[in-house]
Amino acid sequence: MRIDDQLHIDTPEGARLTLSLAGPLPRALAYSFDLAIRGLALAVIAIPLMLFGRGGMGLYLVLLFLMEWFYPVLFEALWQGRTPGKRMMGLAVVHGNGAPLGFNGSLVRNLLRTADLFPIFYLTGFLVMLATRRSQRLGDLAADTLVIHTPPARPARPHQDGDGEVPDWPLSREDQLVLLAFTDRGARLSAERQEELAALAYPELAPAAAREKLQRVARHVLGGA
Amino acid sequence: MRQSQFEQRYQPQWARLETSLTALEARRHPDDAALTDFTADYQSLCHQLALARERGYSLALQEYLNDLMLRAHRQLYRYRTPLLPGLVAFFTGGFPRAVRHQWRWHLISTLCFVLSAGLVWAMILHDPELVHTVVGPRQVAELEEMYHPDLRDVAGRDRQDDVMMFGYYIYNNIGIAFRTFAGGLLLGVGALVAMLFNGSFFGAAAGHLTLAGAAQPFFTFVIAHGAPELIAIFLAGGAGLRMGWAVLAPGSWRRVDALRRAAGDCLPVMYGVFALLVLAAFIEAFWSSRELAPQIKYSVGAACWALLTLYLLFAGRGGNEEAHGPE
């Protein structure tokens, strides 16, 4: 079996959409953030309610109930499938076909949370996540939902100056992808590492010259402005 | 076409799509002109992503287009149904139909509760000491304090207590019902145990208080809110058993699909359970605690039971028995 955290979905438009699934760790972190937020919110609300005696206590219990059961449901249903914790971790809940989560789906997956919690610390949910191919807990299976990583903002490509140079070998599609990745990631690599990589393409040249040459070829492929 | 030409040509379109996406995600209403472009932009984006993959443009660009498409996809396929008409249809027909649709499970769950309650009750009438096998000593003391005519403190109760008990009933009872339902997913065991345990506890309390001479305060207190509360617990247990059975014996479906179908069938029941328990909490906090003549309390309680049973059995008949979703 191929282990992959990418899920490919064919949309009705005939395009192929790639989702990256979130594993247990980011989800557990998001859950702890949410737990902390809920605890904090309840503590803050409790202070004024204490002034109202036993009536305030009653309101507090209602809030406790809402926080326990409906905090995730309301956020997921009304806020693009994200609770504050999930937003912090860059996660979102969607349906199995990539469609957005509605109130019903969110309610099913959150009502069944108790089963995933069993017997302690989400052990059942964790084991089920490891065993299912799309890392879903029981609630996700019943509601047909997935937790995915939401796309981060696009990093700006470093500005490319200078001339291009026609590559001196017939360029395959894979070569092209490698060259383009070299341009995109170049800014994040040290000059030495870039030279090392360039030396693989031009072992006969001095490292600095090889880097220059490879950058020119990459600019050509990109089709410099 | 080289990648930078490609990017230059379509960049304005992507930027426009991003703008309308940001607005849609923030639930603002972008003006209609922007939304007319939205679907067209989305469709050409699908095309451009396919081109970028086919032509081997950089992975960063492919990823960017894929992410943009994912966001757009999630906005395009979002649907919202008006809430109010859905709610009315749900309570006038959808909920009772959903309950009747899987009446066998609700019957089993009810029987688990009633039989275990009856058994424990009879056993305690036979041998009063048996109450301690079911109920802890502290809870026995609490029960007596709450219901025994000589021990309970009626005058001390006021509005504040009503509100506090309302909160407690919401937090405790609805939590129990939701957990009973979810526990059913563990092969039905959780729901079954919850029904048997709650039944035994009820039987023990009733038997013990009858012997202690507190039967009247107890039954006048529980009879009215008992209707929505116990029925809601029966329904939650039945829904839980249905989920467990879907996993145990999926029939001709894959287990996952059987589970999804069961969840779809049970969801309207759980919406109803929630509504019933909120109703029960109101009655319990603000009516059951009133000190009124037993005849009044018994008649109101009997009316509650009768109305609710009639509602679940007969409301929404003649409609489409299959269609019971709340939306």
# chains A, B, ... in the order shown; residues from 1 in each chain; ligands from 1
>>> residues_around(residues="Leu17 (chain A)", least_positions_apart="5", cutoff="8 Å", atoms="only C-alpha atoms", output="ChimeraX atom specification")
/A:8-11 /B:66,69-70
>>> write_last_selection(atoms="C-alpha atoms", output="PDB file, in the first residue's frame")
ATOM      1  CA  HIS A   8      -6.707  13.474  -5.335  1.00  0.00           C
ATOM      2  CA  ILE A   9     -10.264  14.396  -6.117  1.00  0.00           C
ATOM      3  CA  ASP A  10     -11.819  14.812  -9.537  1.00  0.00           C
ATOM      4  CA  THR A  11     -14.165  17.776  -9.417  1.00  0.00           C
TER       5      THR A  11
ATOM      6  CA  ASN B  66      -4.272  23.998  -6.859  1.00  0.00           C
ATOM      7  CA  MET B  69      -8.856  26.071  -6.899  1.00  0.00           C
ATOM      8  CA  LEU B  70      -9.430  24.329  -3.592  1.00  0.00           C
TER       9      LEU B  70
END
>>> closest_atom_pairs(of="chain A", to="chain B", cutoff="7 Å", atoms="only C-alpha atoms", output="tab-separated table")
residue	atom	partner	partner_atom	distance
A:Ala15	CA	B:Cys46	CA	5.5
A:Leu17	CA	B:Asn66	CA	6.4
A:Thr18	CA	B:Asn66	CA	6.7
A:Arg54	CA	B:Gln160	CA	5.4
A:Gly55	CA	B:Gln160	CA	4.5
A:Met57	CA	B:Met164	CA	5.6
A:Gly58	CA	B:Met164	CA	3.4
A:Leu59	CA	B:Gly167	CA	5.8
A:Leu61	CA	B:Gly167	CA	4.8
A:Val62	CA	B:Gly167	CA	4.8
A:Leu64	CA	B:Tyr171	CA	7.0
A:Phe65	CA	B:Tyr171	CA	4.8
A:Gly98	CA	B:Arg74	CA	6.8
A:Ala99	CA	B:Arg74	CA	5.4
A:Pro100	CA	B:Arg74	CA	5.0
A:Val108	CA	B:Leu267	CA	7.0
A:Leu111	CA	B:Phe178	CA	6.4
A:Leu112	CA	B:Ala182	CA	4.6
A:Thr114	CA	B:Ala182	CA	5.7
A:Ala115	CA	B:Ala182	CA	5.3
A:Leu141	CA	B:Val256	CA	6.5
A:Ala142	CA	B:Arg260	CA	4.6
A:Ala143	CA	B:Arg260	CA	6.2
A:Pro151	CA	B:Asp67	CA	5.5
A:Arg154	CA	B:Tyr64	CA	6.5
A:Arg173	CA	B:Gly56	CA	5.6
A:Gln176	CA	B:Gly56	CA	6.6
A:Leu177	CA	B:Ser58	CA	5.4
A:Leu180	CA	B:Ser58	CA	5.0
A:Ala181	CA	B:Ser58	CA	6.0
A:Val221	CA	B:Arg2	CA	6.9
A:Leu222	CA	B:Gln3	CA	5.2
A:Gly223	CA	B:Arg2	CA	5.1
A:Gly224	CA	B:Ser4	CA	6.4
A:Ala225	CA	B:Ser4	CA	6.8
>>> select_by_dssp(residues="region 42-156 of chain A", states="alpha helix (DSSP H)", output="PyMOL selection string")
chain A and resi 42-50+53-78+84-88+103-111+113-117+123-131+138-143
>>> residues_around(residues="region 121-136 of chain A", least_positions_apart="4", cutoff="9 Å", atoms="only C-alpha atoms", output="ChimeraX atom specification")
/A:3-7,21-24,113-117,140-141,144-147
>>> atom_distance(atom1="CA of Leu49 (chain A)", atom2="CA of Leu74 (chain A)")
23.1 Å
>>> residues_around(residues="Glu229 (chain B)", least_positions_apart="5", cutoff="7 Å", atoms="only C-alpha atoms", output="VMD selection string")
chain B and resid 276 to 277 280
>>> atom_distance(atom1="CA of Glu284 (chain B)", atom2="CA of Gly226 (chain B)")
8.4 Å
>>> closest_residue(among="A:Ala46, A:Ala218, A:Leu78, A:Met89", to="Phe33 (chain A)", atoms="only C-alpha atoms")
A:Met89
>>> residues_around(residues="Val140 (chain B)", least_positions_apart="3", cutoff="12 Å", atoms="only C-alpha atoms", output="mmCIF file with C-alpha atoms, in the first residue's frame")
data_model
loop_
_atom_site.group_PDB
_atom_site.id
_atom_site.type_symbol
_atom_site.label_atom_id
_atom_site.label_comp_id
_atom_site.auth_asym_id
_atom_site.auth_seq_id
_atom_site.Cartn_x
_atom_site.Cartn_y
_atom_site.Cartn_z
ATOM 1 C CA GLU B 129 -31.101 -3.713 51.223
ATOM 2 C CA LEU B 130 -30.490 -4.335 47.518
ATOM 3 C CA VAL B 131 -30.659 -0.601 46.852
ATOM 4 C CA HIS B 132 -27.051 -0.353 47.992
ATOM 5 C CA THR B 133 -25.886 -2.614 45.170
ATOM 6 C CA VAL B 134 -27.079 -0.070 42.613
ATOM 7 C CA VAL B 135 -26.892 3.317 44.336
ATOM 8 C CA GLY B 136 -24.017 4.561 46.460
ATOM 9 C CA PRO B 137 -24.642 5.573 50.119
ATOM 10 C CA LEU B 143 -32.350 11.101 47.131
ATOM 11 C CA GLU B 144 -33.954 10.987 50.547
ATOM 12 C CA GLU B 145 -33.064 14.568 51.198
ATOM 13 C CA MET B 146 -34.609 15.641 47.883
ATOM 14 C CA TYR B 147 -37.893 13.765 48.153
ATOM 15 C CA HIS B 148 -38.599 12.679 51.721
ATOM 16 C CA PHE B 201 -30.853 3.631 38.705
ATOM 17 C CA ALA B 204 -33.668 1.710 42.458
ATOM 18 C CA ALA B 205 -34.631 5.307 43.210
ATOM 19 C CA ALA B 206 -38.322 4.602 42.679
ATOM 20 C CA GLY B 207 -38.260 1.405 44.747
ATOM 21 C CA HIS B 208 -36.283 2.907 47.577
ATOM 22 C CA LEU B 209 -38.375 6.060 47.822
ATOM 23 C CA ALA B 212 -39.261 5.201 52.446
#
>>> residues_around(residues="Ala208 (chain A)", least_positions_apart="2", cutoff="12 Å", atoms="only C-alpha atoms", output="PyMOL selection string")
chain A and resi 191-199+202-206+210-215
>>> closest_atom_pairs(of="region 89-193 of chain A", to="region 81-87 of chain B", cutoff="12 Å", atoms="only C-alpha atoms", output="tab-separated table")
residue	atom	partner	partner_atom	distance
A:Gly102	CA	B:Thr81	CA	10.1
A:Phe103	CA	B:Thr81	CA	10.5
A:Asn104	CA	B:Thr81	CA	11.7
>>> atom_distance(atom1="CA of Val88 (chain B)", atom2="CA of Leu308 (chain B)")
17.0 Å
>>> closest_residue(among="A:Gly186, A:Gly139, A:Pro152, A:Pro84", to="Ala30 (chain A)", atoms="only C-alpha atoms")
A:Pro84
>>> residues_around(residues="Phe234 (chain B)", least_positions_apart="5", cutoff="7 Å", atoms="only C-alpha atoms", output="list in words")
His106, Ser109 and Thr110 of chain B
>>> write_last_selection(atoms="N, CA and C atoms", output="PDB file, in the first residue's frame")
ATOM      1  N   HIS B 106     -35.590   2.014  18.692  1.00  0.00           N
ATOM      2  CA  HIS B 106     -36.079   2.777  19.834  1.00  0.00           C
ATOM      3  C   HIS B 106     -36.864   1.877  20.784  1.00  0.00           C
ATOM      4  N   SER B 109     -34.300  -0.064  22.826  1.00  0.00           N
ATOM      5  CA  SER B 109     -33.679   0.783  23.843  1.00  0.00           C
ATOM      6  C   SER B 109     -34.656   1.073  24.977  1.00  0.00           C
ATOM      7  N   THR B 110     -35.938   1.319  24.611  1.00  0.00           N
ATOM      8  CA  THR B 110     -36.957   1.561  25.642  1.00  0.00           C
ATOM      9  C   THR B 110     -37.115   0.327  26.527  1.00  0.00           C
TER      10      THR B 110
END
